[in-house]
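**Student:** Here you go, one structure.
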Amino acid sequence: MGELEGSYRVLQTPGTRLGAQFNAGISTLEPGQSLSGNMIGGSKSHGRGLQIRVQGLDDSQEFFDIDPKALGQALLSEVFHSGNLIESDYFGLEFQNIWTLSLRGFFPPCRYLFSLQMKRDLMEGRLICTENTGALLASHLVQSEIGDYDDAADRDFLRMNKLLPYQEKVQERIMELHRRHLGQTPAESDFQILEIARKLEMYGVRFHPAADREGTKINLAVAHMGLQVFQGHTKINTFNWSKIRKLSFKRKRFLIKLHPEVHVYTLEFLMASRDQCKIFWKICVEYHSFFRLLDQPQPKSKTMLFNRGSSFRYSGRTQKQLVEYVRENGAKRTPYQRCVSPYKSQLAAKYIMVLDFEMNVPLVFQRYPTDKAYFIAKEILTTERTYLKDLEVITVWFRSAVIKDNAMPEGLMTLLFSNIDPIYEFHRGFLKELDQRLALWEGRSNAHVKGDYQRIGDVMLRNMCALKEFTGYLQKHDEVLTELEKATKRLKKLETVYKEFELQKVCYLPLNTFLLKPIQRLMHYKLILERLCKHYSPAHRDHDDCKEALKEVAEIATQLQSSLIRLENFQKLTELQRDLIGIENLTAPGREFIREGCLYKLTKKGLQQRMFFLFSDMLLYTSKGVTATNQFKVHGQLPLHGMIVKESENEWSVPHCFTIYSAQRTIVVAASSKVEMGKWIEDLNIAIDLAKKSQDKSSIFLDAELGDRSSDEVSLEQESEDDMNSSHTSLDKQTHHRANTTMHVCWHRNTSVSMSDHSLAVENQLSGYLLRKFKNSNGWQKLWVVFTNFCLFFYKTHQDDFPLASLPLLGYTVSTPEESDSIHKEYVFKLQFKSHVYFFRAESEYTFERWMEVIKSAASTTGRMSLLIPKGGSLEMNGN
C-alpha cells in the first residue's frame, strides 16, 4: 500500500484547539486560503463561551455555544448531531473566518446534502463541466425544488435563483430538459444529480497549484484512487495508490516515490510555500488512509528521543468501517426533513388559495386521471421515450464509434445518417409535444379545468400527417441495411468496430435491429390508435381526430408492410450468420427464416441437446460450444427437397419424438412438449410442400452432413468433448453481452420461436415504470422497464442510456399472485420459471392488463403460435 510520511517533525499538532488550524477529517482548505480572516460583527462570546455560526449546505445558519478550550471535534460532533448525520466522516467544516464555518460534503452517501453541495459548486463555478451538462444538472435541481415542469413557474424560479454563472445563456435548454423529468420525486432528482456529477472528470477535484521540474505550471489533486496531475483543466497523469511507494515533502518540494516497476522512480513538484506543500501532503495521507485502509490506523507510538518526520496521522474511521457502521445502524435513522425553499412555500400557498376558490369543482387537483384514454395516451408517451433512446443507439453512439475509428466509407455514412437523422429530429419534437400534453392532462396546469387538454387525437393527427413526409426515408431502410451488411463483410475495420459496438451495454439488442425500429414504430402507432378509437364513443370530441390519425398512419404502414417483412427476415438471417460457425452465405436470395429452437437429437450416447434452425430451403442443427463468443457450431445441413417428417413416439419409446428423413440423413429428435412437437412437425411439413412447389431450385442446399452414411440409416453421431461440456452450460454463467438473444434463450429454456412470434413481439413492445419485488424480499423497487424481443430490460430511470439487467421471458409463466404469496396490493402480476419468482406492480388496471397481455404473448410456449398455422387453426393458443 506504500508508506506515507513527512520529512519534518511538527512541534505542535494542528487542529487541537479552536482558533488553530485543525484537521476535521479531510481538509477542504483551498491552497492559499487564510484561516485568520476578520471576525464578523455578529459573532459574540457569552461569558467564557464562544458562539460559532455554522452555515449549512441549504444556506440555513445555526449557532453553537462552544467552550474556548474545547477540541475542534466537539464542534463537529455538535454539528453532526444537529443534522442527524450518520455518515459524518464524509463531511467537514470549512473556515470562512475565525467564527464562521460552513458545512461541506465531499462524498455522496447523504444524497440531499450532497446535491446541495453540487448546487453550490455549480453556482460558484467550482464544478467544471460543459454548458450542456451544467444545464442538465440545473434542470434536476429545478425539478427537486418546484416539481414538474410548468413554463411560468420555471421562468419565475430561474429569475429568482441563480444556479449557473452562465444561466441566462442556457435558460431555454434548462427548461427543455426539465420537461423530461415529469413525475420525478425530489429524492430521484438528488440521485440523478449525483449520478451525473460522479461521471464528470472534474468531480470532487480541488486544485493545488504547483510546477514541475521544468517550471511548467500544473495543478495537483487527490482523489479516492490516487494522485492526479492537471495542466489547466486537462488531466495529464494519474498515479494510483498501488503505484506509489512513498509521499513526502521537503520545504516547498512535494515528492512522489513510485514502486521500482514503474518507469519513473521519483517525481518532484514545486509548490508556492512549505505550508501549502504540507497541507497537500496531509490531505494525501487522509485520502489514502480513508479509502485504502481496512481498519482505523493506530496512532504512532511516541519516542523518548528525537523523532524524524511528521507526527500527523489520520485518526478517523476508514471508508470500509463507515460503510459497515451505516449498514448496521441504518435502521436507527430518524427521518430527515428536507429544507423547503421560500419559493416552494410561496408556490404551496398559491395552490392552497386556488383550492379555496375552486372547492366546488370535483377532482380538480387529482394527481392522475383514471380515464382509460389517459393511460392509452401515456403508453404512447412511454414507448416514444424508449423509441427515441433506440434511435440514439444509431444516431449518437454508433456514429461516434465509426467516426472515432474512421471505419465507415463516406458514401455509406451519408446513406445511413441522412436517412435516420431527420427521423430522429422529428421524433424529438414529437416526444416534447406528448410530454407537454400529458403534463396538462395530469393536472399540473389550470388548462385542465376547462378540459381542453384531456385528449391526444389532435397531437397524433398533426404528427401522423407530418410523418408522411418521411415515407421516402423509410423506404430506403432496405437499401441501408443491405449496404451496411455488404460493407461489414468487405471492410475488416468496419467489421471490428461493428462487433465491438455490439458488446457495449448501450447496444442491448443486435445492432441492425435498431435500423428496423422506425418502420416498426408505425405499427405501434396504428395499434394504439385502434385501441383509442375502440375506447371512444363516436360522439366523443377526441374520436374524430383519433380516427383520422389512424387513417393516416394505416396508409403509411400499408405502403411499408412488405418492406418490413423483408427487412425483418434479412435482419434475422444476418444475426444468425454472426452467431453460427460452419455456414456461409446464410443471407442467400430467396431464403426465409421460419423457426429456431431446442430439440434433443438421438445419438450413440442417447439424447443430446441441439439447436435447430428451419429455413424455407433447409434445416440446420447445431451444438453450443464453450467458446468465448457464445457461437453455435453447425453439425448438419438437411435440404427440405425430398424430406419426410413422421411422428415416432411408439417406435423409439421417447415422449414427443419424431423422425426426419432426408436425402442424405435420417435423424430422430424429441421436443420438450407435445405442443412444441406439433409446431415443429406442422412447420416442417408446410415448408417441405412449399419447397417442392418452388421453381427456383438454385437456392437449395445440397451439402451433406460429415461422414458418408446411407439414407435409410438413422444418424447416431459421436459427441465431441466440447459438445458434452456444452450441455452443462448455464445462461446465468454467460458473460457475453449477446447471451440474451433469442437463440441462446431458446437453448437454455428448451423452447422454440417462429418468425410470426418475432413479428408479434414487435407489435407488443411496451415501456413504463413498474414496482418489482423478489420472492423473499420485503420492499418494492421502482424501475423503468422495457419489453422487447421476448425480454424485460430494467433501468433505474427512463433517462438511462443502457439497462442495468435483463430478464428473458421465454419459458416463464405469468399469472396473478396466489393466496400463499401474501401479496396484498392491486395490479400485481407474477412471473415464474422453475424456482425463479418475481412480482411486478402496475399503476392502473389498464397498464396491468397491457403488461399481462404482452408478456403472455412472449413467455409461455402456448402463448406463441406456429408460423404456418393460420389464425383460428387447430394449434392456436391464447396464452392462458
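Residue numbering restarts at 1 for every chain of the C-alpha cells, chains are lettered A, B, ... in their displayed order, and ligands are numbered from 1 as they appear.
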Excluding A:Glu384 and residues on its chain fewer than 4 positions from it, collect all residues at most 7 Å away from it, counting only C-alpha atoms, and give them as a VMD selection string.
**Tutor:** chain A and resid 380 388 431
**Student:** Of the residues A:Arg120, A:Lys674, A:Arg595, A:His798, which is the one nearest to A:Asp757, using only C-alpha atoms?
**Tutor:**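 Looking at the shortest contact to A:Asp757, the residue is A:Arg595.
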**Student:** Please indicate the distance in Å from atom CA of A:Arg566 to atom CA of A:Asp478, rounded to one decimal place.
**Tutor:**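 Separating atom CA of A:Arg566 from atom CA of A:Asp478 is a distance of 8.0 Å.
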**Student:** Need the shell around A:His656: protein/DNA/RNA residues with any atom at most 6 Å away, counting only C-alpha atoms. Skip same-chain ones fewer than 2 positions apart. Format as a list in words?
**Tutor:**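 Skipping anything fewer than 2 positions along the chain leaves Ala670, Ala671, Lys674 and Met677 of chain A.
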**Student:** Can you write just those residues out, N, CA, C and O atoms, as a PDB file, in the first residue's frame?
**Tutor:**
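The resulting file, out.pdb, is shown below:
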```pdb
ATOM      1  N   ALA A 670     -36.478 -35.266 -30.319  1.00  0.00           N
ATOM      2  CA  ALA A 670     -37.577 -35.193 -29.347  1.00  0.00           C
ATOM      3  C   ALA A 670     -37.741 -33.744 -28.904  1.00  0.00           C
ATOM      4  O   ALA A 670     -36.757 -33.049 -28.644  1.00  0.00           O
ATOM      5  N   ALA A 671     -39.003 -33.311 -28.803  1.00  0.00           N
ATOM      6  CA  ALA A 671     -39.317 -31.964 -28.332  1.00  0.00           C
ATOM      7  C   ALA A 671     -39.575 -31.984 -26.831  1.00  0.00           C
ATOM      8  O   ALA A 671     -39.733 -33.043 -26.225  1.00  0.00           O
ATOM      9  N   LYS A 674     -45.643 -31.749 -26.096  1.00  0.00           N
ATOM     10  CA  LYS A 674     -46.468 -32.133 -27.248  1.00  0.00           C
ATOM     11  C   LYS A 674     -46.759 -30.924 -28.126  1.00  0.00           C
ATOM     12  O   LYS A 674     -46.776 -31.015 -29.352  1.00  0.00           O
ATOM     13  N   MET A 677     -43.681 -30.189 -30.190  1.00  0.00           N
ATOM     14  CA  MET A 677     -43.564 -31.175 -31.272  1.00  0.00           C
ATOM     15  C   MET A 677     -44.544 -30.838 -32.394  1.00  0.00           C
ATOM     16  O   MET A 677     -44.191 -30.896 -33.594  1.00  0.00           O
TER      17      MET A 677
END
```
**Student:** Distance atom CA of A:Tyr525-atom CA of A:Glu485, one decimal place?
**Tutor:** 28.7 Å
**Student:** When you look at A:Gly678 with a cut-off of 10 Å (counting only C-alpha atoms), what residues show up, excluding the ones that are within fewer than 3 positions of it in the same chain? I need them as a PyMOL selection string.
**Tutor:** chain A and resi 647+656+658+671+673-675+681-684+866+875
**Student:** Quick one: distance from atom CA of A:Leu158 to atom CA of A:Lys432 in Å, one decimal?
**Tutor:**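 Result for atom CA of A:Leu158 versus atom CA of A:Lys432: 20.6 Å, one decimal.
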**Student:** Applying 7 Å and only C-alpha atoms, which residues near A:Tyr838 remain after dropping the ones on its own chain fewer than 3 positions away? List them as a ChimeraX atom specification.
**Tutor:** /A:773-775,830-832
**Student:** Take the residues just selected and output them with all heavy atoms as a PDB file, in the first residue's frame.
**Tutor:**
```pdb
ATOM      1  N   LYS A 773     -40.627  -6.749  -7.027  1.00  0.00           N
ATOM      2  CA  LYS A 773     -40.337  -7.371  -5.738  1.00  0.00           C
ATOM      3  C   LYS A 773     -39.907  -8.813  -5.979  1.00  0.00           C
ATOM      4  O   LYS A 773     -40.523  -9.532  -6.760  1.00  0.00           O
ATOM      5  CB  LYS A 773     -41.586  -7.337  -4.850  1.00  0.00           C
ATOM      6  CG  LYS A 773     -41.412  -7.962  -3.473  1.00  0.00           C
ATOM      7  CD  LYS A 773     -42.735  -7.945  -2.720  1.00  0.00           C
ATOM      8  CE  LYS A 773     -42.612  -8.583  -1.349  1.00  0.00           C
ATOM      9  NZ  LYS A 773     -42.223 -10.002  -1.414  1.00  0.00           N
ATOM     10  N   PHE A 774     -38.829  -9.221  -5.319  1.00  0.00           N
ATOM     11  CA  PHE A 774     -38.406 -10.611  -5.391  1.00  0.00           C
ATOM     12  C   PHE A 774     -39.228 -11.460  -4.424  1.00  0.00           C
ATOM     13  O   PHE A 774     -39.883 -10.934  -3.514  1.00  0.00           O
ATOM     14  CB  PHE A 774     -36.918 -10.743  -5.069  1.00  0.00           C
ATOM     15  CG  PHE A 774     -36.031 -10.020  -6.044  1.00  0.00           C
ATOM     16  CD1 PHE A 774     -35.326  -8.879  -5.650  1.00  0.00           C
ATOM     17  CD2 PHE A 774     -35.911 -10.456  -7.343  1.00  0.00           C
ATOM     18  CE1 PHE A 774     -34.515  -8.207  -6.543  1.00  0.00           C
ATOM     19  CE2 PHE A 774     -35.102  -9.783  -8.254  1.00  0.00           C
ATOM     20  CZ  PHE A 774     -34.405  -8.662  -7.853  1.00  0.00           C
ATOM     21  N   LYS A 775     -39.149 -12.752  -4.607  1.00  0.00           N
ATOM     22  CA  LYS A 775     -39.981 -13.670  -3.822  1.00  0.00           C
ATOM     23  C   LYS A 775     -39.803 -13.482  -2.324  1.00  0.00           C
ATOM     24  O   LYS A 775     -40.772 -13.429  -1.563  1.00  0.00           O
ATOM     25  CB  LYS A 775     -39.657 -15.118  -4.218  1.00  0.00           C
ATOM     26  CG  LYS A 775     -40.501 -16.155  -3.513  1.00  0.00           C
ATOM     27  CD  LYS A 775     -40.126 -17.554  -3.971  1.00  0.00           C
ATOM     28  CE  LYS A 775     -40.969 -18.609  -3.269  1.00  0.00           C
ATOM     29  NZ  LYS A 775     -40.587 -19.980  -3.697  1.00  0.00           N
ATOM     30  N   LYS A 830     -47.404 -11.942 -11.486  1.00  0.00           N
ATOM     31  CA  LYS A 830     -46.331 -12.823 -11.008  1.00  0.00           C
ATOM     32  C   LYS A 830     -45.681 -13.521 -12.198  1.00  0.00           C
ATOM     33  O   LYS A 830     -46.361 -14.062 -13.064  1.00  0.00           O
ATOM     34  CB  LYS A 830     -46.935 -13.857 -10.052  1.00  0.00           C
ATOM     35  CG  LYS A 830     -45.988 -14.925  -9.543  1.00  0.00           C
ATOM     36  CD  LYS A 830     -46.761 -15.916  -8.675  1.00  0.00           C
ATOM     37  CE  LYS A 830     -45.896 -17.048  -8.152  1.00  0.00           C
ATOM     38  NZ  LYS A 830     -46.686 -17.997  -7.327  1.00  0.00           N
ATOM     39  N   LEU A 831     -44.358 -13.485 -12.233  1.00  0.00           N
ATOM     40  CA  LEU A 831     -43.590 -14.199 -13.260  1.00  0.00           C
ATOM     41  C   LEU A 831     -42.834 -15.346 -12.605  1.00  0.00           C
ATOM     42  O   LEU A 831     -42.184 -15.145 -11.568  1.00  0.00           O
ATOM     43  CB  LEU A 831     -42.594 -13.259 -13.938  1.00  0.00           C
ATOM     44  CG  LEU A 831     -43.143 -12.309 -14.999  1.00  0.00           C
ATOM     45  CD1 LEU A 831     -42.049 -11.371 -15.482  1.00  0.00           C
ATOM     46  CD2 LEU A 831     -43.717 -13.077 -16.174  1.00  0.00           C
ATOM     47  N   GLN A 832     -42.904 -16.528 -13.206  1.00  0.00           N
ATOM     48  CA  GLN A 832     -42.232 -17.683 -12.590  1.00  0.00           C
ATOM     49  C   GLN A 832     -41.650 -18.613 -13.640  1.00  0.00           C
ATOM     50  O   GLN A 832     -42.290 -18.934 -14.635  1.00  0.00           O
ATOM     51  CB  GLN A 832     -43.216 -18.463 -11.704  1.00  0.00           C
ATOM     52  CG  GLN A 832     -42.560 -19.630 -10.965  1.00  0.00           C
ATOM     53  CD  GLN A 832     -43.427 -20.181  -9.854  1.00  0.00           C
ATOM     54  OE1 GLN A 832     -44.574 -19.761  -9.682  1.00  0.00           O
ATOM     55  NE2 GLN A 832     -42.902 -21.116  -9.087  1.00  0.00           N
TER      56      GLN A 832
END
```
**Student:** If we count only C-alpha atoms and set the cut-off at 10 Å, which residues sit around stretch 170-185 of chain A, ignoring sequence neighbours fewer than 2 positions away in its own chain? Please answer as a VMD selection string.
**Tutor:** chain A and resid 131 to 145 147 to 151 154 to 155 158 to 159 164 166 to 168 187 to 192 385 431 to 432 435 to 436 438 to 439 797 to 799
**Student:** Of the candidates A:Ile376, A:Ala223, A:Leu258, A:Val837, which shows the shortest atom-to-atom distance to A:Leu766, using only C-alpha atoms?
**Tutor:**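 Looking only at the distances to A:Leu766, the closest residue turns out to be A:Ile376.
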**Student:** Can you list, as a list in words, every protein, DNA or RNA residue that comes within 9 Å of A:Met118 when you count only C-alpha atoms, leaving out same-chain residues fewer than 5 positions away?
**Tutor:**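 The neighbour list is Leu113, Met123, Leu127, Leu137, Ile193, Leu194 and Ala197 of chain A.
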**Student:** Would you export the selected residues with N, CA, C and O atoms as a JSON list (two decimals), in the first residue's frame, please?
**Tutor:**
```
[["chain", "number", "residue", "atom", "x", "y", "z"],
["A", 113, "LEU", "N", -27.97, 16.34, 1.12],
["A", 113, "LEU", "CA", -26.94, 17.31, 1.46],
["A", 113, "LEU", "C", -25.91, 17.43, 0.34],
["A", 113, "LEU", "O", -25.44, 18.53, 0.03],
["A", 123, "MET", "N", -23.07, 26.88, -8.92],
["A", 123, "MET", "CA", -23.31, 28.32, -8.87],
["A", 123, "MET", "C", -21.99, 29.09, -8.80],
["A", 123, "MET", "O", -21.83, 30.14, -9.42],
["A", 127, "LEU", "N", -17.57, 23.40, -10.06],
["A", 127, "LEU", "CA", -17.77, 22.10, -10.71],
["A", 127, "LEU", "C", -17.61, 22.30, -12.21],
["A", 127, "LEU", "O", -18.48, 22.85, -12.88],
["A", 137, "LEU", "N", -27.78, 19.36, -15.06],
["A", 137, "LEU", "CA", -27.76, 19.37, -13.59],
["A", 137, "LEU", "C", -28.73, 20.40, -13.04],
["A", 137, "LEU", "O", -29.48, 20.14, -12.08],
["A", 193, "ILE", "N", -28.64, 13.92, -9.92],
["A", 193, "ILE", "CA", -27.57, 14.92, -9.79],
["A", 193, "ILE", "C", -26.26, 14.23, -9.44],
["A", 193, "ILE", "O", -25.20, 14.50, -10.04],
["A", 194, "LEU", "N", -26.32, 13.30, -8.49],
["A", 194, "LEU", "CA", -25.10, 12.60, -8.07],
["A", 194, "LEU", "C", -24.58, 11.69, -9.17],
["A", 194, "LEU", "O", -23.36, 11.59, -9.38],
["A", 197, "ALA", "N", -22.92, 13.95, -11.74],
["A", 197, "ALA", "CA", -21.71, 14.60, -11.20],
["A", 197, "ALA", "C", -20.56, 13.62, -11.08],
["A", 197, "ALA", "O", -19.41, 13.95, -11.40]]
```
